[in-house]
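As stored in final.cif (mmCIF, C-alpha atoms, pLDDT in the B column; chains and numbers go by the auth columns):
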```cif
data_entry
#
loop_
_atom_site.group_PDB
_atom_site.id
_atom_site.type_symbol
_atom_site.label_atom_id
_atom_site.label_comp_id
_atom_site.label_asym_id
_atom_site.label_seq_id
_atom_site.Cartn_x
_atom_site.Cartn_y
_atom_site.Cartn_z
_atom_site.B_iso_or_equiv
_atom_site.auth_seq_id
_atom_site.auth_asym_id
ATOM 1 C CA MET A 1 -22.545 4.379 8.371 65.00 1 A
ATOM 2 C CA ARG A 2 -23.751 4.989 11.888 70.00 2 A
ATOM 3 C CA GLY A 3 -25.895 8.081 12.333 74.00 3 A
ATOM 4 C CA GLN A 4 -27.129 8.195 8.718 78.00 4 A
ATOM 5 C CA ALA A 5 -30.710 8.563 7.561 84.00 5 A
ATOM 6 C CA TRP A 6 -32.303 5.124 7.098 85.00 6 A
ATOM 7 C CA TYR A 7 -32.300 5.272 3.288 86.00 7 A
ATOM 8 C CA VAL A 8 -28.638 6.338 3.142 84.00 8 A
ATOM 9 C CA ALA A 9 -27.709 3.587 5.597 84.00 9 A
ATOM 10 C CA LEU A 10 -29.682 1.095 3.493 89.00 10 A
ATOM 11 C CA LEU A 11 -27.877 2.068 0.272 89.00 11 A
ATOM 12 C CA ILE A 12 -24.467 2.012 1.928 87.00 12 A
ATOM 13 C CA GLY A 13 -25.315 -1.313 3.558 88.00 13 A
ATOM 14 C CA VAL A 14 -26.342 -2.859 0.235 92.00 14 A
ATOM 15 C CA MET A 15 -23.135 -1.592 -1.385 90.00 15 A
ATOM 16 C CA CYS A 16 -21.045 -3.033 1.453 90.00 16 A
ATOM 17 C CA LEU A 17 -22.915 -6.332 1.348 93.00 17 A
ATOM 18 C CA ILE A 18 -22.408 -6.728 -2.409 92.00 18 A
ATOM 19 C CA ARG A 19 -18.770 -5.650 -2.239 90.00 19 A
ATOM 20 C CA PHE A 20 -18.098 -7.969 0.711 92.00 20 A
ATOM 21 C CA SER A 21 -19.919 -10.936 -0.877 93.00 21 A
ATOM 22 C CA LEU A 22 -18.132 -10.717 -4.227 90.00 22 A
ATOM 23 C CA SER A 23 -14.817 -10.272 -2.466 92.00 23 A
ATOM 24 C CA ALA A 24 -15.408 -13.224 -0.162 93.00 24 A
ATOM 25 C CA VAL A 25 -16.194 -15.430 -3.165 93.00 25 A
ATOM 26 C CA GLY A 26 -13.111 -14.077 -4.962 91.00 26 A
ATOM 27 C CA TYR A 27 -10.927 -14.913 -1.997 94.00 27 A
ATOM 28 C CA ALA A 28 -12.427 -18.333 -1.319 94.00 28 A
ATOM 29 C CA ASP A 29 -12.458 -19.547 -4.928 93.00 29 A
ATOM 30 C CA PRO A 30 -10.705 -17.169 -7.343 92.00 30 A
ATOM 31 C CA VAL A 31 -10.650 -19.706 -10.183 91.00 31 A
ATOM 32 C CA TRP A 32 -14.447 -20.104 -10.076 91.00 32 A
ATOM 33 C CA LEU A 33 -14.908 -16.314 -10.033 88.00 33 A
ATOM 34 C CA MET A 34 -12.559 -16.004 -13.012 88.00 34 A
ATOM 35 C CA GLU A 35 -14.597 -18.610 -14.910 88.00 35 A
ATOM 36 C CA GLN A 36 -17.788 -16.663 -14.146 88.00 36 A
ATOM 37 C CA MET A 37 -16.175 -13.488 -15.509 83.00 37 A
ATOM 38 C CA ASN A 38 -14.888 -15.372 -18.568 84.00 38 A
ATOM 39 C CA ILE A 39 -11.225 -14.830 -17.685 82.00 39 A
ATOM 40 C CA SER A 40 -8.916 -17.579 -18.903 83.00 40 A
ATOM 41 C CA ILE A 41 -6.565 -18.930 -16.263 83.00 41 A
ATOM 42 C CA ASP A 42 -4.429 -20.558 -18.973 85.00 42 A
ATOM 43 C CA SER A 43 -3.392 -17.189 -20.395 79.00 43 A
ATOM 44 C CA ASN A 44 -2.463 -15.758 -16.982 79.00 44 A
ATOM 45 C CA ILE A 45 -1.629 -18.245 -14.238 86.00 45 A
ATOM 46 C CA GLN A 46 -0.889 -15.451 -11.719 88.00 46 A
ATOM 47 C CA MET A 47 -4.416 -14.043 -11.983 88.00 47 A
ATOM 48 C CA PRO A 48 -5.886 -16.015 -9.019 91.00 48 A
ATOM 49 C CA TYR A 49 -3.365 -14.309 -6.734 91.00 49 A
ATOM 50 C CA LEU A 50 -4.365 -10.898 -8.080 88.00 50 A
ATOM 51 C CA VAL A 51 -8.035 -11.750 -7.569 90.00 51 A
ATOM 52 C CA ARG A 52 -7.265 -12.612 -3.945 93.00 52 A
ATOM 53 C CA VAL A 53 -5.431 -9.306 -3.445 91.00 53 A
ATOM 54 C CA TRP A 54 -8.423 -7.465 -4.910 90.00 54 A
ATOM 55 C CA ALA A 55 -10.722 -9.488 -2.659 93.00 55 A
ATOM 56 C CA VAL A 56 -8.842 -8.679 0.529 94.00 56 A
ATOM 57 C CA ARG A 57 -8.764 -4.993 -0.383 92.00 57 A
ATOM 58 C CA ASP A 58 -12.509 -4.907 -1.011 91.00 58 A
ATOM 59 C CA VAL A 59 -13.367 -6.852 2.147 93.00 59 A
ATOM 60 C CA VAL A 60 -11.377 -4.350 4.196 92.00 60 A
ATOM 61 C CA ILE A 61 -13.032 -1.402 2.426 91.00 61 A
ATOM 62 C CA ALA A 62 -16.520 -2.849 2.961 91.00 62 A
ATOM 63 C CA VAL A 63 -15.920 -3.456 6.663 92.00 63 A
ATOM 64 C CA ILE A 64 -14.406 0.000 7.224 91.00 64 A
ATOM 65 C CA VAL A 65 -17.285 1.744 5.451 90.00 65 A
ATOM 66 C CA ALA A 66 -19.916 -0.371 7.212 89.00 66 A
ATOM 67 C CA PHE A 67 -18.619 0.522 10.670 89.00 67 A
ATOM 68 C CA ALA A 68 -17.631 4.123 9.932 88.00 68 A
ATOM 69 C CA ASP A 69 -19.005 7.090 11.797 85.00 69 A
ATOM 70 C CA ARG A 70 -21.181 9.623 9.982 84.00 70 A
ATOM 71 C CA SER A 71 -18.364 12.198 9.923 87.00 71 A
ATOM 72 C CA VAL A 72 -16.075 10.028 7.760 90.00 72 A
ATOM 73 C CA VAL A 73 -18.494 8.083 5.552 87.00 73 A
ATOM 74 C CA LYS A 74 -18.477 10.685 2.765 87.00 74 A
ATOM 75 C CA THR A 75 -14.673 10.650 2.604 91.00 75 A
ATOM 76 C CA LEU A 76 -14.587 6.851 2.614 90.00 76 A
ATOM 77 C CA LEU A 77 -17.149 6.676 -0.187 89.00 77 A
ATOM 78 C CA LEU A 78 -15.075 9.126 -2.239 92.00 78 A
ATOM 79 C CA VAL A 79 -12.054 6.890 -1.651 91.00 79 A
ATOM 80 C CA CYS A 80 -14.115 3.900 -2.865 89.00 80 A
ATOM 81 C CA VAL A 81 -15.055 5.806 -6.021 91.00 81 A
ATOM 82 C CA ALA A 82 -11.408 6.753 -6.613 94.00 82 A
ATOM 83 C CA ILE A 83 -10.258 3.144 -6.162 91.00 83 A
ATOM 84 C CA ASP A 84 -12.949 1.794 -8.491 89.00 84 A
ATOM 85 C CA ALA A 85 -12.216 4.509 -11.062 94.00 85 A
ATOM 86 C CA THR A 86 -8.525 3.634 -10.975 93.00 86 A
ATOM 87 C CA ASP A 87 -9.359 -0.037 -11.509 87.00 87 A
ATOM 88 C CA TYR A 88 -11.595 0.845 -14.446 89.00 88 A
ATOM 89 C CA ILE A 89 -9.070 3.209 -16.066 93.00 89 A
ATOM 90 C CA PHE A 90 -6.224 0.700 -15.928 88.00 90 A
ATOM 91 C CA CYS A 91 -8.441 -2.119 -17.202 82.00 91 A
ATOM 92 C CA THR A 92 -9.397 0.143 -20.105 88.00 92 A
ATOM 93 C CA PHE A 93 -5.702 0.832 -20.823 85.00 93 A
ATOM 94 C CA GLU A 94 -5.039 -2.912 -20.844 79.00 94 A
ATOM 95 C CA TRP A 95 -7.978 -3.486 -23.181 79.00 95 A
ATOM 96 C CA PHE A 96 -6.787 -0.775 -25.604 82.00 96 A
ATOM 97 C CA GLY A 97 -3.256 -2.196 -25.434 80.00 97 A
ATOM 98 C CA ARG A 98 -4.537 -5.591 -26.530 77.00 98 A
ATOM 99 C CA ILE A 99 -6.470 -4.033 -29.407 80.00 99 A
ATOM 100 C CA VAL A 100 -3.379 -2.157 -30.595 79.00 100 A
ATOM 101 C CA GLN A 101 -1.237 -5.295 -30.376 80.00 101 A
ATOM 102 C CA SER A 102 -3.700 -7.247 -32.482 78.00 102 A
ATOM 103 C CA ILE A 103 -3.577 -4.700 -35.309 75.00 103 A
#
```
Representation of the structure as C-alpha cells:
Amino acid sequence: MRGQAWYVALLIGVMCLIRFSLSAVGYADPVWLMEQMNISIDSNIQMPYLVRVWAVRDVVIAVIVAFADRSVVKTLLLVCVAIDATDYIFCTFEWFGRIVQSI
C-alpha cells in the first residue's frame, strides 16, 4: 500500500485492519467467534480448526497487502476479491444443499 494516494491508503488500511482484527479474534478464540456468528459447535466439532485456518489465511493476506508496493496492490486486492468470492460461493452451495436435504 506504499506509494498510494492518501485516501486509497486509508481504505486499504481500514480493510487490512478489519480483516486482521477479525482473523486474530478467530485464531485466539474460535469458539467465541462461532458463538457470535451463531454457529453451533455441537453440530460440527471440527469447525474451530477450520476457523483457525481461515484466520491464519486472512492474517497473512492482510499483512501482505498492508506492506505491498504500489505496483502489486491491485493484483493483491483482486486476489482478495477472488478468495472472498470463492468463500461466499461455497457457503451458498452448502446453504442450498441444506435446504434441499430438508425438503
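Of the listed residues A:Val100, A:Cys80, A:Ala9, A:Ala28, the one whose atoms come nearest to Arg52 of chain A is A:Ala28, with distances taken using all atoms listed in the file.
Residue nearest Val53 of chain A within the list A:Met37, A:Ala24, A:Val8, A:Val73: A:Ala24 [criterion: smallest interatomic distance, only C-alpha atoms].
Atom to atom, atom CA of Val59 of chain A and atom CA of Ile89 of chain A stand 21.2 Å apart.
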Q | Separation of atom CA of Val25 of chain A from atom CA of Met47 of chain A, in Å and rounded to one decimal | A | 14.8 Å
Q: Tell me, as an NGL selection string, which residues lie within 9 Å of segment 10-23 of chain A, counting all atoms listed in the file; anything in the same chain fewer than 3 positions away does not count.
A: :A and (1 or 5-7 or 26-28 or 33 or 51-52 or 54-63 or 65-66 or 77)
If you take every atom of segment 40-57 of chain A that the file lists and fit an axis-aligned box around them with 5 Å extra on each side, what centre and edge lengths come out in Å to one decimal, as lines of an AutoDock Vina configuration file?
```
center_x = -5.8
center_y = -12.8
center_z = -9.9
size_x = 19.8
size_y = 25.6
size_z = 30.9
```
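One finds atom CA of Ala82 of chain A at 19.9 Å from atom CA of Asp69 of chain A.
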Q.
Neighbouring residues of Asn44 of chain A were defined as those with any atom within 12 Å, considering only C-alpha atoms; residues of the same chain fewer than 5 positions away were excluded. Please report them as an MDAnalysis selection string.
A. chainID A and resid 31 34 39 49:51
Q.
Here's the selection I'm unsure about, the PyMOL selection byres ((chain A and resi 3) around 6); applied to the file above, which residues does it give, as JSON, numbers by chain?
A. {"A": [2, 4, 70]}
